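Containing compact mmCIF, C-alpha atoms and all ligand atoms: start_21.txt.
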```txt
# COMPACT_ATOMS: atom_id res chain seq x y z
CA MET A 1 88.58 65.37 77.21
CA LEU A 2 89.53 64.33 73.75
CA LYS A 3 89.88 67.11 71.30
CA ARG A 4 87.34 66.47 68.64
CA LYS A 5 88.49 66.71 65.12
CA LYS A 6 85.73 68.61 63.44
CA LYS A 7 85.41 66.84 60.17
CA ASP A 8 82.69 65.52 57.97
CA SER A 9 81.88 62.07 59.32
CA THR A 10 81.45 60.58 55.89
CA THR A 11 84.09 59.58 53.42
CA ARG A 12 82.86 61.77 50.60
CA GLY A 13 86.12 63.44 49.79
CA GLU A 14 87.28 65.55 46.88
CA MET A 15 85.88 64.39 43.64
CA PRO A 16 86.84 65.46 40.12
CA LEU A 17 84.29 67.58 38.28
CA PRO A 18 81.73 65.14 36.85
CA ALA A 19 81.25 65.27 33.07
CA ILE A 20 77.56 66.12 32.84
CA ASP A 21 75.86 66.90 29.53
CA PHE A 22 72.84 69.10 30.16
CA LYS A 23 69.86 69.19 27.81
CA PRO A 24 67.88 72.31 28.77
CA PRO A 25 64.17 72.26 27.85
CA VAL A 26 64.42 74.45 24.73
CA ALA A 27 63.24 74.10 21.15
CA ASP A 28 66.46 73.62 19.17
CA LYS A 29 70.21 73.04 19.29
CA LYS A 30 71.05 76.68 18.73
CA GLU A 31 69.01 77.80 21.71
CA GLU A 32 70.52 74.97 23.75
CA GLN A 33 74.04 76.18 22.94
CA GLY A 34 73.06 79.68 24.03
CA VAL A 35 71.79 78.47 27.41
CA LEU A 36 74.86 76.29 28.02
CA ILE A 37 77.35 79.02 27.11
CA ALA A 38 75.58 81.50 29.40
CA CYS A 39 75.64 78.99 32.28
CA ARG A 40 79.30 78.08 31.85
CA GLY A 41 80.12 81.75 32.10
CA ILE A 42 78.77 81.92 35.65
CA GLU A 43 81.34 81.52 38.42
CA GLN A 44 79.31 78.90 40.31
CA TYR A 45 78.74 76.65 37.28
CA ASN A 46 81.15 74.02 38.65
CA SER A 47 79.37 74.10 41.99
CA ALA A 48 76.05 73.27 40.29
CA VAL A 49 77.66 70.44 38.31
CA MET A 50 79.32 69.11 41.46
CA LEU A 51 76.05 69.18 43.39
CA LEU A 52 74.19 67.10 40.80
CA GLY A 53 77.16 64.79 40.20
CA GLN A 54 77.61 64.10 43.91
CA ALA A 55 73.91 63.44 44.38
CA ILE A 56 73.72 60.98 41.49
CA SER A 57 76.92 59.12 42.31
CA GLY A 58 75.83 59.05 45.98
CA ARG A 59 72.54 57.39 44.94
CA ALA A 60 70.39 60.31 46.14
CA ASP A 61 66.97 60.54 44.52
CA GLN A 62 66.18 63.99 45.90
CA ILE A 63 68.17 67.15 46.67
CA LEU A 64 66.83 69.81 48.99
CA LEU A 65 68.33 73.31 49.19
CA ASP A 66 67.13 75.61 51.95
CA PHE A 67 68.10 79.26 51.49
CA SER A 68 68.08 81.37 54.64
CA GLN A 69 69.98 84.46 55.77
CA GLN A 70 72.71 82.36 57.36
CA GLY A 71 73.45 80.22 54.34
CA VAL A 72 72.17 77.32 52.28
CA ALA A 73 71.44 73.98 53.92
CA VAL A 74 71.96 71.06 51.55
CA ARG A 75 70.30 67.70 52.04
CA PHE A 76 70.32 64.51 49.95
CA ARG A 77 67.70 61.78 50.25
CA VAL A 78 69.27 58.32 50.01
CA ASP A 79 67.16 55.16 50.28
CA GLY A 80 64.29 57.22 51.68
CA LEU A 81 66.25 58.96 54.46
CA TRP A 82 67.49 62.57 54.45
CA GLU A 83 71.21 63.18 55.02
CA ASN A 84 72.80 66.54 55.78
CA MET A 85 75.51 67.57 53.37
CA PRO A 86 78.05 70.37 53.91
CA PRO A 87 76.14 73.69 53.66
CA MET A 88 76.96 76.40 51.11
CA ASP A 89 77.52 80.06 51.88
CA ARG A 90 75.00 82.41 50.33
CA PRO A 91 77.12 83.69 47.39
CA THR A 92 77.93 80.10 46.34
CA GLY A 93 74.36 78.94 46.89
CA ASP A 94 72.83 81.93 45.09
CA GLY A 95 75.14 81.51 42.10
CA THR A 96 74.49 77.77 41.98
CA LEU A 97 70.77 78.43 41.96
CA VAL A 98 71.11 80.95 39.12
CA VAL A 99 72.89 78.28 37.07
CA LEU A 100 70.24 75.64 37.89
CA LYS A 101 67.36 77.97 37.04
CA LYS A 102 69.00 79.06 33.79
CA LEU A 103 69.57 75.41 32.83
CA CYS A 104 65.86 74.85 33.49
CA VAL A 105 65.01 77.99 31.48
CA LEU A 106 63.34 79.54 34.53
CA ASN A 107 63.61 83.07 35.88
CA PRO A 108 66.63 83.40 38.26
CA GLN A 109 65.47 86.86 39.43
CA ASP A 110 62.20 85.49 40.76
CA ARG A 111 62.92 84.12 44.23
CA ARG A 112 59.31 84.01 45.39
CA SER A 113 56.92 82.33 42.95
CA ARG A 114 56.72 78.62 42.57
CA GLN A 115 58.73 77.63 39.50
CA THR A 116 58.95 74.13 38.06
CA ALA A 117 60.74 72.55 35.12
CA LYS A 118 62.22 69.30 33.90
CA LEU A 119 65.89 69.20 32.99
CA ALA A 120 67.43 66.26 31.14
CA LEU A 121 71.08 65.37 31.64
CA LYS A 122 73.52 62.61 30.82
CA LEU A 123 76.21 61.33 33.20
CA ASN A 124 78.47 58.33 32.47
CA GLY A 125 76.25 57.16 29.64
CA THR A 126 73.03 57.24 31.67
CA ASP A 127 70.17 59.65 30.98
CA TRP A 128 68.55 61.36 33.95
CA ILE A 129 65.56 63.61 34.40
CA VAL A 130 65.76 66.30 37.08
CA GLU A 131 62.38 67.56 38.23
CA PHE A 132 63.17 71.02 39.52
CA MET A 133 60.93 73.00 41.86
CA SER A 134 61.69 76.30 43.63
CA GLN A 135 59.42 78.23 45.93
CA GLY A 136 59.81 81.30 48.12
CA VAL A 137 59.19 80.58 51.83
CA PRO A 138 59.07 82.97 54.85
CA THR A 139 62.72 82.20 55.71
CA GLY A 140 64.00 82.50 52.13
CA GLU A 141 63.66 80.03 49.31
CA ARG A 142 63.36 76.29 49.06
CA VAL A 143 64.49 74.17 46.13
CA LEU A 144 63.63 70.52 45.62
CA MET A 145 65.12 68.43 42.83
CA ARG A 146 63.96 64.89 42.13
CA LEU A 147 66.43 62.77 40.21
CA GLU A 148 65.16 59.89 38.15
CA PRO A 149 66.89 57.69 35.60
CA LYS A 150 65.11 58.03 32.27
CA LYS A 151 64.94 54.28 31.80
CA THR A 152 63.05 52.43 34.50
CA VAL A 153 65.37 50.21 36.50
CA LEU A 154 62.74 48.15 38.32
CA ASN A 155 60.99 46.01 35.76
CA THR A 156 60.03 42.69 37.32
CA LEU A 157 58.31 41.62 40.51
CA ALA A 158 61.63 40.06 41.57
CA ASP A 159 63.32 43.46 41.10
CA LEU A 160 60.89 44.88 43.67
CA GLY A 161 61.97 42.24 46.18
CA MET A 162 58.86 40.06 45.95
CA ARG A 163 59.46 36.45 46.93
CA GLU A 164 58.94 33.87 44.21
CA LYS A 165 55.87 32.17 45.54
CA MET A 166 54.06 35.48 45.96
CA GLN A 167 54.96 36.49 42.40
CA GLN A 168 53.06 33.47 41.14
CA GLN A 169 50.14 34.08 43.49
CA LEU A 170 49.86 37.68 42.31
CA ARG A 171 49.93 36.64 38.64
CA ASP A 172 47.26 34.01 39.26
CA LEU A 173 45.00 36.59 40.88
CA LEU A 174 45.54 39.16 38.11
CA ASN A 175 44.91 36.55 35.43
CA THR A 176 41.52 35.57 36.81
CA ASP A 177 38.70 36.08 34.28
CA VAL A 178 36.13 37.67 36.57
CA GLY A 179 36.78 39.88 39.57
CA LEU A 180 38.53 42.96 40.89
CA PHE A 181 42.08 43.44 42.06
CA LEU A 182 43.12 46.28 44.31
CA PHE A 183 46.63 47.78 44.49
CA SER A 184 47.24 49.85 47.63
CA GLY A 185 49.91 51.65 49.61
CA MET A 186 50.73 54.96 51.23
CA PRO A 187 52.38 57.89 49.39
CA GLY A 188 56.14 57.45 49.24
CA GLN A 189 55.93 53.67 49.67
CA GLY A 190 56.41 52.67 46.04
CA LEU A 191 52.78 52.19 44.96
CA PRO A 192 53.24 53.66 41.44
CA THR A 193 56.11 51.24 40.80
CA THR A 194 54.23 48.19 42.10
CA TRP A 195 51.23 49.30 40.00
CA ARG A 196 53.32 49.53 36.81
CA VAL A 197 55.31 46.34 37.35
CA GLY A 198 52.24 44.47 38.63
CA LEU A 199 50.16 45.39 35.58
CA GLU A 200 53.03 44.41 33.32
CA SER A 201 53.19 41.02 34.98
CA ALA A 202 49.55 40.30 34.08
CA ASP A 203 48.74 38.49 30.87
CA ARG A 204 48.12 41.39 28.51
CA PHE A 205 48.74 39.35 25.38
CA VAL A 206 45.77 37.03 25.68
CA ARG A 207 43.34 39.51 27.23
CA ASP A 208 42.33 42.95 26.14
CA PHE A 209 43.39 45.62 28.73
CA HIS A 210 41.97 49.15 28.71
CA SER A 211 42.96 51.91 31.10
CA ILE A 212 40.60 54.81 31.87
CA GLU A 213 42.53 57.88 33.06
CA ASP A 214 42.22 61.55 33.77
CA SER A 215 44.28 63.34 31.11
CA ALA A 216 45.95 65.41 33.86
CA SER A 217 47.23 62.35 35.74
CA HIS A 218 50.31 61.49 33.59
CA GLU A 219 50.01 57.74 33.95
CA PRO A 220 52.88 55.82 32.32
CA GLU A 221 52.17 54.15 28.98
CA LEU A 222 52.28 50.39 29.35
CA ILE A 223 52.74 47.91 26.54
CA ASN A 224 49.46 46.32 25.43
CA ILE A 225 47.27 48.44 27.66
CA ALA A 226 45.16 50.89 25.63
CA GLN A 227 44.88 54.29 27.33
CA HIS A 228 41.59 56.19 27.22
CA LYS A 229 41.65 59.72 28.60
CA PHE A 230 38.92 61.91 29.96
CA ASN A 231 39.37 65.55 30.94
CA ALA A 232 38.28 65.93 34.57
CA ALA A 233 39.17 69.65 34.56
CA ALA A 234 36.57 70.15 31.82
CA GLY A 235 33.94 68.30 33.85
CA GLU A 236 34.31 64.95 32.11
CA THR A 237 34.13 61.67 34.07
CA PRO A 238 35.09 58.11 33.13
CA MET A 239 31.46 57.78 32.00
CA THR A 240 32.24 60.10 29.05
CA ILE A 241 34.40 57.41 27.46
CA LEU A 242 33.31 54.25 29.25
CA LYS A 243 30.05 53.63 27.37
CA SER A 244 31.64 53.55 23.92
CA LEU A 245 34.58 51.56 25.27
CA LEU A 246 32.26 48.89 26.66
CA LEU A 247 30.86 48.32 23.15
CA LYS A 248 34.28 46.88 22.28
CA GLN A 249 33.83 44.15 24.93
CA PRO A 250 37.07 44.77 26.87
CA ASP A 251 38.35 41.95 29.09
CA VAL A 252 40.05 44.10 31.70
CA LEU A 253 39.23 47.64 32.86
CA VAL A 254 42.04 49.50 34.61
CA PHE A 255 41.27 52.55 36.78
CA PRO A 256 44.39 54.28 38.21
CA ALA A 257 42.04 56.35 40.39
CA LEU A 258 38.82 55.25 42.03
CA PRO A 259 35.86 56.51 40.02
CA ASP A 260 32.65 57.99 41.42
CA GLU A 261 29.68 56.04 42.76
CA GLU A 262 27.81 55.93 39.45
CA VAL A 263 30.79 54.62 37.47
CA THR A 264 31.58 52.12 40.22
CA LYS A 265 28.05 50.76 40.01
CA LEU A 266 28.45 50.29 36.25
CA ILE A 267 31.82 48.56 36.73
CA CYS A 268 30.25 46.16 39.24
CA GLU A 269 27.54 45.25 36.70
CA GLU A 270 30.11 44.80 33.95
CA VAL A 271 32.31 42.56 36.08
CA LEU A 272 29.57 40.42 37.57
CA GLU A 273 27.20 40.21 34.60
CA GLU A 274 29.46 40.59 31.58
CA LYS A 275 32.31 38.60 33.15
CA ARG A 276 35.06 41.18 33.05
CA TYR A 277 37.99 41.98 35.33
CA ALA A 278 38.69 45.35 36.96
CA ILE A 279 41.90 46.70 38.50
CA THR A 280 42.19 49.84 40.59
CA ARG A 281 44.27 51.38 43.37
CA ILE A 282 43.74 53.18 46.65
CA ALA A 283 45.80 54.83 49.40
CA ALA A 284 45.86 52.65 52.52
CA GLU A 285 48.36 51.45 55.13
CA SER A 286 47.62 47.76 54.79
CA ALA A 287 45.86 45.29 52.52
CA VAL A 288 42.99 44.81 54.96
CA GLU A 289 42.55 48.56 55.42
CA ALA A 290 42.47 48.97 51.62
CA LEU A 291 39.74 46.38 51.19
CA LEU A 292 37.59 47.83 53.97
CA LYS A 293 38.11 51.32 52.55
CA LEU A 294 37.03 50.18 49.09
CA ILE A 295 33.81 48.53 50.21
CA GLY A 296 33.13 51.32 52.69
CA THR A 297 33.49 54.13 50.13
CA TYR A 298 30.70 52.98 47.81
CA LYS A 299 27.67 52.45 50.02
CA ASN A 300 25.46 51.41 47.11
CA SER A 301 27.91 48.81 45.83
CA THR A 302 29.41 47.39 49.03
CA ARG A 303 27.94 43.94 48.53
CA GLU A 304 28.98 43.74 44.86
CA LEU A 305 32.52 45.03 45.51
CA LEU A 306 33.08 42.50 48.26
CA LYS A 307 31.72 39.74 46.05
CA MET A 308 33.96 40.55 43.10
CA THR A 309 37.25 41.52 44.79
CA ASN A 310 39.60 38.55 44.68
CA GLY A 311 42.85 40.10 45.81
CA VAL A 312 44.52 43.13 47.44
CA ILE A 313 48.20 44.01 47.57
CA ASN A 314 49.94 46.60 49.74
CA GLN A 315 53.63 47.43 50.12
CA ARG A 316 56.18 49.29 52.22
CA LEU A 317 59.73 50.16 51.32
CA ILE A 318 62.57 48.79 53.39
CA ARG A 319 66.32 49.37 53.09
CA ARG A 320 68.41 46.43 51.91
CA LEU A 321 71.41 45.52 54.04
CA CYS A 322 74.64 46.25 52.20
CA PRO A 323 75.77 42.82 50.89
CA ASP A 324 79.43 43.77 51.25
CA CYS A 325 79.58 44.76 54.90
CA ARG A 326 76.54 43.25 56.68
CA VAL A 327 77.57 41.49 59.87
CA PRO A 328 76.24 38.01 60.68
CA PHE A 329 75.29 37.13 64.24
CA GLN A 330 73.85 34.07 65.86
CA PRO A 331 70.34 34.76 67.12
CA THR A 332 69.45 33.50 70.59
CA PRO A 333 66.66 30.90 70.82
CA GLN A 334 64.59 33.57 72.62
CA LEU A 335 64.94 35.99 69.72
CA LEU A 336 63.98 33.34 67.18
CA GLN A 337 60.98 32.42 69.25
CA LYS A 338 59.95 36.05 69.52
CA LEU A 339 60.19 36.41 65.76
CA GLY A 340 58.31 33.19 65.16
CA ILE A 341 61.18 31.56 63.29
CA PRO A 342 61.32 27.80 64.01
CA SER A 343 64.61 26.87 65.68
CA GLY A 344 67.11 25.33 63.28
CA ARG A 345 65.64 27.22 60.31
CA VAL A 346 68.28 29.97 60.20
CA GLN A 347 71.90 29.82 61.34
CA SER A 348 72.54 33.54 61.37
CA LEU A 349 70.78 36.84 61.06
CA TYR A 350 72.49 40.03 59.88
CA GLN A 351 72.95 43.54 61.17
CA PRO A 352 74.37 46.61 59.45
CA PHE A 353 77.94 47.65 59.98
CA ILE A 354 77.83 51.31 61.00
CA PRO A 355 81.32 52.68 61.63
CA PRO A 356 81.70 54.85 64.76
CA PRO A 357 82.03 58.60 64.14
CA PRO A 358 85.65 59.70 63.52
CA GLU A 359 86.13 61.10 67.05
CA GLN A 360 85.38 57.68 68.55
CA ARG A 361 87.78 55.80 66.31
CA VAL A 362 90.43 55.55 69.04
CA ASP A 363 91.72 52.74 71.23
CA ALA A 364 91.76 52.70 75.06
CA ASN A 365 94.82 54.98 75.06
CA GLY A 366 93.27 57.54 72.77
CA LYS A 367 95.36 56.40 69.82
CA PRO A 368 93.49 56.61 66.51
CA ILE A 369 92.57 53.31 64.96
CA GLU A 370 92.01 52.75 61.30
CA ILE A 371 88.50 51.58 60.45
CA GLU A 372 87.81 50.68 56.90
CA ILE A 373 84.65 52.27 55.56
CA CYS A 374 82.73 50.11 53.09
CA LYS A 375 83.02 51.62 49.62
CA THR A 376 79.78 50.07 48.40
CA CYS A 377 77.46 51.74 50.89
CA ASP A 378 79.73 54.58 52.06
CA GLY A 379 79.39 53.40 55.66
CA ARG A 380 75.59 53.54 55.69
CA GLY A 381 75.24 49.79 56.24
CA TYR A 382 72.40 49.72 53.71
CA TYR A 383 72.36 49.77 49.95
CA GLY A 384 69.17 50.34 47.97
CA ARG A 385 65.63 49.46 48.87
CA ALA A 386 63.17 46.63 48.38
CA ALA A 387 59.49 46.37 49.14
CA ILE A 388 57.76 44.05 51.56
CA PHE A 389 54.27 43.07 50.50
CA GLU A 390 51.01 42.00 51.99
CA LEU A 391 49.01 39.93 49.51
CA LEU A 392 45.46 39.28 50.61
CA HIS A 393 43.37 36.59 48.90
CA VAL A 394 39.71 37.32 49.23
CA ASN A 395 37.64 34.13 49.27
CA ASP A 396 34.12 33.27 50.44
CA GLN A 397 35.30 32.44 53.93
CA LEU A 398 36.85 35.89 54.31
CA ARG A 399 33.82 37.59 52.73
CA GLN A 400 31.60 35.91 55.26
CA ALA A 401 33.86 36.99 58.11
CA ILE A 402 33.76 40.59 56.88
CA GLN A 403 29.95 40.54 56.71
CA GLN A 404 29.82 39.30 60.28
CA ASN A 405 32.42 41.66 61.72
CA PRO A 406 34.04 44.31 59.51
CA SER A 407 36.46 45.57 62.20
CA PRO A 408 40.09 45.60 60.93
CA ALA A 409 41.36 43.35 63.74
CA ALA A 410 38.69 40.73 63.14
CA VAL A 411 39.29 40.78 59.38
CA VAL A 412 43.06 40.35 59.86
CA GLN A 413 42.36 37.46 62.21
CA ALA A 414 40.09 35.78 59.65
CA ALA A 415 42.58 36.40 56.83
CA LYS A 416 45.38 34.78 58.86
CA GLN A 417 43.29 31.64 59.18
CA ASN A 418 43.44 31.55 55.36
CA GLY A 419 47.24 31.84 55.32
CA PHE A 420 47.54 35.62 55.03
CA LEU A 421 50.90 37.02 56.18
CA SER A 422 50.97 40.59 57.53
CA PHE A 423 53.87 43.04 57.08
CA GLN A 424 55.27 41.87 60.40
CA GLU A 425 55.41 38.24 59.23
CA GLU A 426 56.55 39.07 55.69
CA GLY A 427 59.21 41.35 57.20
CA VAL A 428 60.53 38.55 59.41
CA LEU A 429 60.98 36.45 56.27
CA SER A 430 63.11 39.25 54.80
CA VAL A 431 65.14 39.40 58.01
CA ALA A 432 65.59 35.61 57.99
CA THR A 433 66.98 35.70 54.44
CA GLY A 434 69.38 38.53 55.31
CA LEU A 435 67.71 41.00 52.94
CA THR A 436 67.27 43.47 55.77
CA SER A 437 67.90 43.86 59.49
CA LEU A 438 65.64 43.63 62.49
CA GLN A 439 66.32 47.30 63.34
CA GLU A 440 65.24 48.35 59.86
CA LEU A 441 62.08 46.26 60.04
CA GLN A 442 61.21 47.87 63.37
CA ARG A 443 61.84 51.33 61.91
CA VAL A 444 59.59 50.67 58.92
CA LEU A 445 56.77 49.09 60.93
CA ALA A 446 56.82 51.60 63.79
CA PRO A 447 53.49 53.43 64.07
CA LYS A 448 53.62 56.69 62.14
CA LYS A 449 54.00 59.86 64.19
CA LYS A 450 50.90 61.89 63.59
ZN ZN B 501 78.57 48.34 52.87
```

Mind turning the file's structure into structure tokens?
Amino acid sequence: MLKRKKKDSTTRGEMPLPAIDFKPPVADKKEEQGVLIACRGIEQYNSAVMLLGQAISGRADQILLDFSQQGVAVRFRVDGLWENMPPMDRPTGDGTLVVLKKLCVLNPQDRRSRQTAKLALKLNGTDWIVEFMSQGVPTGERVLMRLEPKKTVLNTLADLGMREKMQQQLRDLLNTDVGLFLFSGMPGQGLPTTWRVGLESADRFVRDFHSIEDSASHEPELINIAQHKFNAAAGETPMTILKSLLLKQPDVLVFPALPDEEVTKLICEEVLEEKRYAITRIAAESAVEALLKLIGTYKNSTRELLKMTNGVINQRLIRRLCPDCRVPFQPTPQLLQKLGIPSGRVQSLYQPFIPPPPEQRVDANGKPIEIEICKTCDGRGYYGRAAIFELLHVNDQLRQAIQQNPSPAAVVQAAKQNGFLSFQEEGVLSVATGLTSLQELQRVLAPKKK
């Protein structure tokens, strides 16, 4: 048997200490200096800097630290998947956590309560926000850090991966004078981003947009959309502010969260009688499910909601093939047929290049062979993510079909007769253009383990 060289299978080698400027959440410069000096005096300061620097340069958007008696497990989330990193021993991990908590101006002695803070930092000219959360658990303590660039990087529908024709279709739907548009998706599938970018793609310069939000919800501020807040914790509802807002004759009403039955009834009247447009969002796995959920939730307004809804969008995130190392292959006619791609339409499809683990990088005689690991994706085969979308047009034909048979399968069937493409079909388009691989599409569309 070959002697296995026990080594980290990735190429992440030694890296110089990243130059990170921390901006702890304190009132003034003097206090900030005090925090920074105290942190630099701790032995594990470099370890904390290294952890954050490695995560950011490795494109991780989350860091998870699991403290147990044995040590500290370290995981990075890259493109939606968790990767194990080399663990830390307890003294290193404990010291690193003291530094992180001090930078966040939290209490390092408290290893049990839930503590949260936001820490700003700058690395290579880019500002980042670290959302820090620590919580005692039965086995020890768990720390989750979410890393987000301060400036949004996804700003157009094209940035999200939406194909050109659909971008226009979505804009046309959102720019309709009368109706309701529904954004939908599951948690972790990019709905907040599609919501923000989608709203920003609508014509907010000609029409008057007003958003009605719970003050605790922290919705992003969007250009040319007036925000109106109500305090749900104090018992207020959208109704508290809606009546006076309606006196201003708004063109478009935006509800980041579905309101109650009474408010929904009023919105239906406003849309259908006063000729306004409404936009809201809902958690659902597909566009059809979202529509059925919307009309099923408000029993007193089902008919009106179905009448006024003109479009529904839903999205899932999918990893993009690394453009520098993806491997083309010629699909067999059988495969193309199975995918529903007309023969002659595509010459090649692409698959990821995943290098074998180090112990298998040997020839038939056991002699090591040199395999070059792609520097762009670090041997992952994928680089970044895009969304695939379902965009459902709701027209009279579909409304009629829903009234006759509101089962999801029947509604999908009726929608397809109107040209609707499901995730499966939209995904095949992304595979055909080389954006992603067949394996990745199958992974994303596999039924969720319950
Ligand atoms: Zn690559």

Exercise for the section: For ligand ZN 501 (chain B), collect every residue having any atom at a distance of at most 12 Å from a ligand atom (counting all atoms listed in the file); output as a PyMOL selection string. Expected result: chain A and resi 320-327+351-355+372-384

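For segment 390-404 of chain A, the non-local neighbours within 6 Å, defined as residues at least 5 positions apart in the same chain or in other chains and counting all atoms listed in the file, are A:Asn310, A:Gly311, A:Val312, A:Ile313, A:Asn314, A:Ser422, A:Phe423.
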
Exercise for the section: Counting only C-alpha atoms, figure out which residue out of A:Arg111, A:Phe22, A:Trp195, A:Pro87 gets nearest to Ile129 of chain A. Expected result: A:Phe22

Is it possible to get the residues within 8 Å of (57.8, 44.4, 56.4) (coordinates as in the file, counting all atoms listed in the file) written as a PDB file with C-alpha atoms, in the coordinates of the input?
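Output below, filename result.pdb:
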```
ATOM      1  CA  ARG A 316      56.180  49.290  52.220  1.00  0.00           C
ATOM      2  CA  LEU A 317      59.730  50.160  51.320  1.00  0.00           C
ATOM      3  CA  ILE A 318      62.570  48.790  53.390  1.00  0.00           C
ATOM      4  CA  ALA A 387      59.490  46.370  49.140  1.00  0.00           C
ATOM      5  CA  ILE A 388      57.760  44.050  51.560  1.00  0.00           C
ATOM      6  CA  PHE A 389      54.270  43.070  50.500  1.00  0.00           C
ATOM      7  CA  SER A 422      50.970  40.590  57.530  1.00  0.00           C
ATOM      8  CA  PHE A 423      53.870  43.040  57.080  1.00  0.00           C
ATOM      9  CA  GLN A 424      55.270  41.870  60.400  1.00  0.00           C
ATOM     10  CA  GLU A 425      55.410  38.240  59.230  1.00  0.00           C
ATOM     11  CA  GLU A 426      56.550  39.070  55.690  1.00  0.00           C
ATOM     12  CA  GLY A 427      59.210  41.350  57.200  1.00  0.00           C
ATOM     13  CA  VAL A 428      60.530  38.550  59.410  1.00  0.00           C
ATOM     14  CA  SER A 430      63.110  39.250  54.800  1.00  0.00           C
ATOM     15  CA  LEU A 441      62.080  46.260  60.040  1.00  0.00           C
ATOM     16  CA  VAL A 444      59.590  50.670  58.920  1.00  0.00           C
ATOM     17  CA  LEU A 445      56.770  49.090  60.930  1.00  0.00           C
TER      18      LEU A 445
END
```

Exercise for the section: Pick out the residues sitting within 12 Å of Pro368 of chain A, and hand them over as a PyMOL selection string; count only C-alpha atoms, and ignore anything fewer than 2 positions along from it in its own chain. Expected result: chain A and resi 2+4-5+357-366+370-371

Completion exercise
Taken to one decimal, the atom CA of Lys338 of chain A-atom CA of Asp79 of chain A distance is 28.1 Å

Problem - Two-atom distance - atom CA of Leu258 of chain A, atom CA of Lys118 of chain A (Å) - result: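 So the answer is 28.5 Å.
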
Practice task
Write out as a list in words the residues lying within 12 Å of Pro406 of chain A, counting all atoms listed in the file and excluding same-chain residues fewer than 2 positions away.
Solution key: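 Neighbouring residues, sequence-local ones excluded: Val288, Glu289, Leu291, Leu292, Lys293, Ile295, Gly296, Thr302, Leu306, Leu398, Arg399, Gln400, Ala401, Ile402, Gln403, Gln404, Pro408, Ala409, Ala410, Val411, Val412, Gln413, Ala414 and Ala415 of chain A.
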
Practice task
Please indicate the distance in Å from atom CA of Cys104 of chain A to atom CA of Pro24 of chain A, rounded to one decimal place.
Solution key: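 A separation of 5.7 Å between them.
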
Sorted per-residue table, segment 133-227 of chain A near segment 54-57 of chain A, closest atoms and distance, 12 Å, all atoms listed in the file, as a tab-separated table:
```
residue	atom	partner	partner_atom	distance
A:Met145	CA	A:Ala55	CA	10.2
A:Arg146	CA	A:Ala55	CA	10.3
A:Leu147	CA	A:Ile56	CA	7.6
A:Glu148	CA	A:Ile56	CA	9.3
A:Pro149	CA	A:Ile56	CA	9.6
```

Problem - All residues 8 Å or closer to segment 153-155 of chain A, only C-alpha atoms, same chain fewer than 3 positions away omitted, as a PyMOL selection string - result: chain A and resi 149+159-160+193+197

Practice task
Compile the contact shell of Leu335 of chain A as a ChimeraX atom specification: residues with an atom at most 12 Å away, counting only C-alpha atoms, same-chain residues fewer than 4 positions apart removed.
Solution key: /A:329-331,339-343,346,348-349,428,432,438

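Those residues positioned at most 9 Å from (43.0, 37.3, 29.6) are Asn175, Thr176, Asp177, Ala202, Asp203, Arg204, Phe205, Val206, Arg207, Asp208, Phe209, Asp251, Val252 and Tyr277 of chain A, judged using only C-alpha atoms.
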
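The nearest approach to Ser217 of chain A among the residues A:Ser201, A:Leu173, A:Pro256, A:Met50, with all atoms listed in the file taken into account, belongs to A:Pro256.
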
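Of the listed residues A:Ala290, A:Leu247, A:Val254, A:Leu103, the one whose atoms come nearest to Glu219 of chain A is A:Val254, with distances taken using only C-alpha atoms.
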
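Closest to Cys268 of chain A among A:Pro333, A:Gly179, A:Pro108, A:Gly188 is A:Gly179, based on only C-alpha atoms.
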
Any chance you could turn segment 263-270 of chain A into a file with N, CA and C atoms, as a compact mmCIF listing (two decimals), in the first residue's frame?
```
# COMPACT_ATOMS: atom_id res chain seq x y z
N VAL A 263 -55.18 44.48 5.63
CA VAL A 263 -54.36 45.35 4.78
C VAL A 263 -54.38 44.83 3.34
N THR A 264 -54.30 43.50 3.21
CA THR A 264 -54.30 42.91 1.88
C THR A 264 -55.59 43.26 1.13
N LYS A 265 -56.70 43.24 1.85
CA LYS A 265 -57.98 43.58 1.23
C LYS A 265 -57.95 45.03 0.70
N LEU A 266 -57.39 45.92 1.54
CA LEU A 266 -57.28 47.32 1.13
C LEU A 266 -56.36 47.46 -0.09
N ILE A 267 -55.26 46.72 -0.09
CA ILE A 267 -54.33 46.80 -1.23
C ILE A 267 -55.03 46.35 -2.51
N CYS A 268 -55.81 45.26 -2.40
CA CYS A 268 -56.53 44.77 -3.58
C CYS A 268 -57.46 45.86 -4.13
N GLU A 269 -58.17 46.54 -3.23
CA GLU A 269 -59.08 47.62 -3.67
C GLU A 269 -58.28 48.73 -4.34
N GLU A 270 -57.18 49.09 -3.72
CA GLU A 270 -56.36 50.19 -4.27
C GLU A 270 -55.83 49.85 -5.65
```
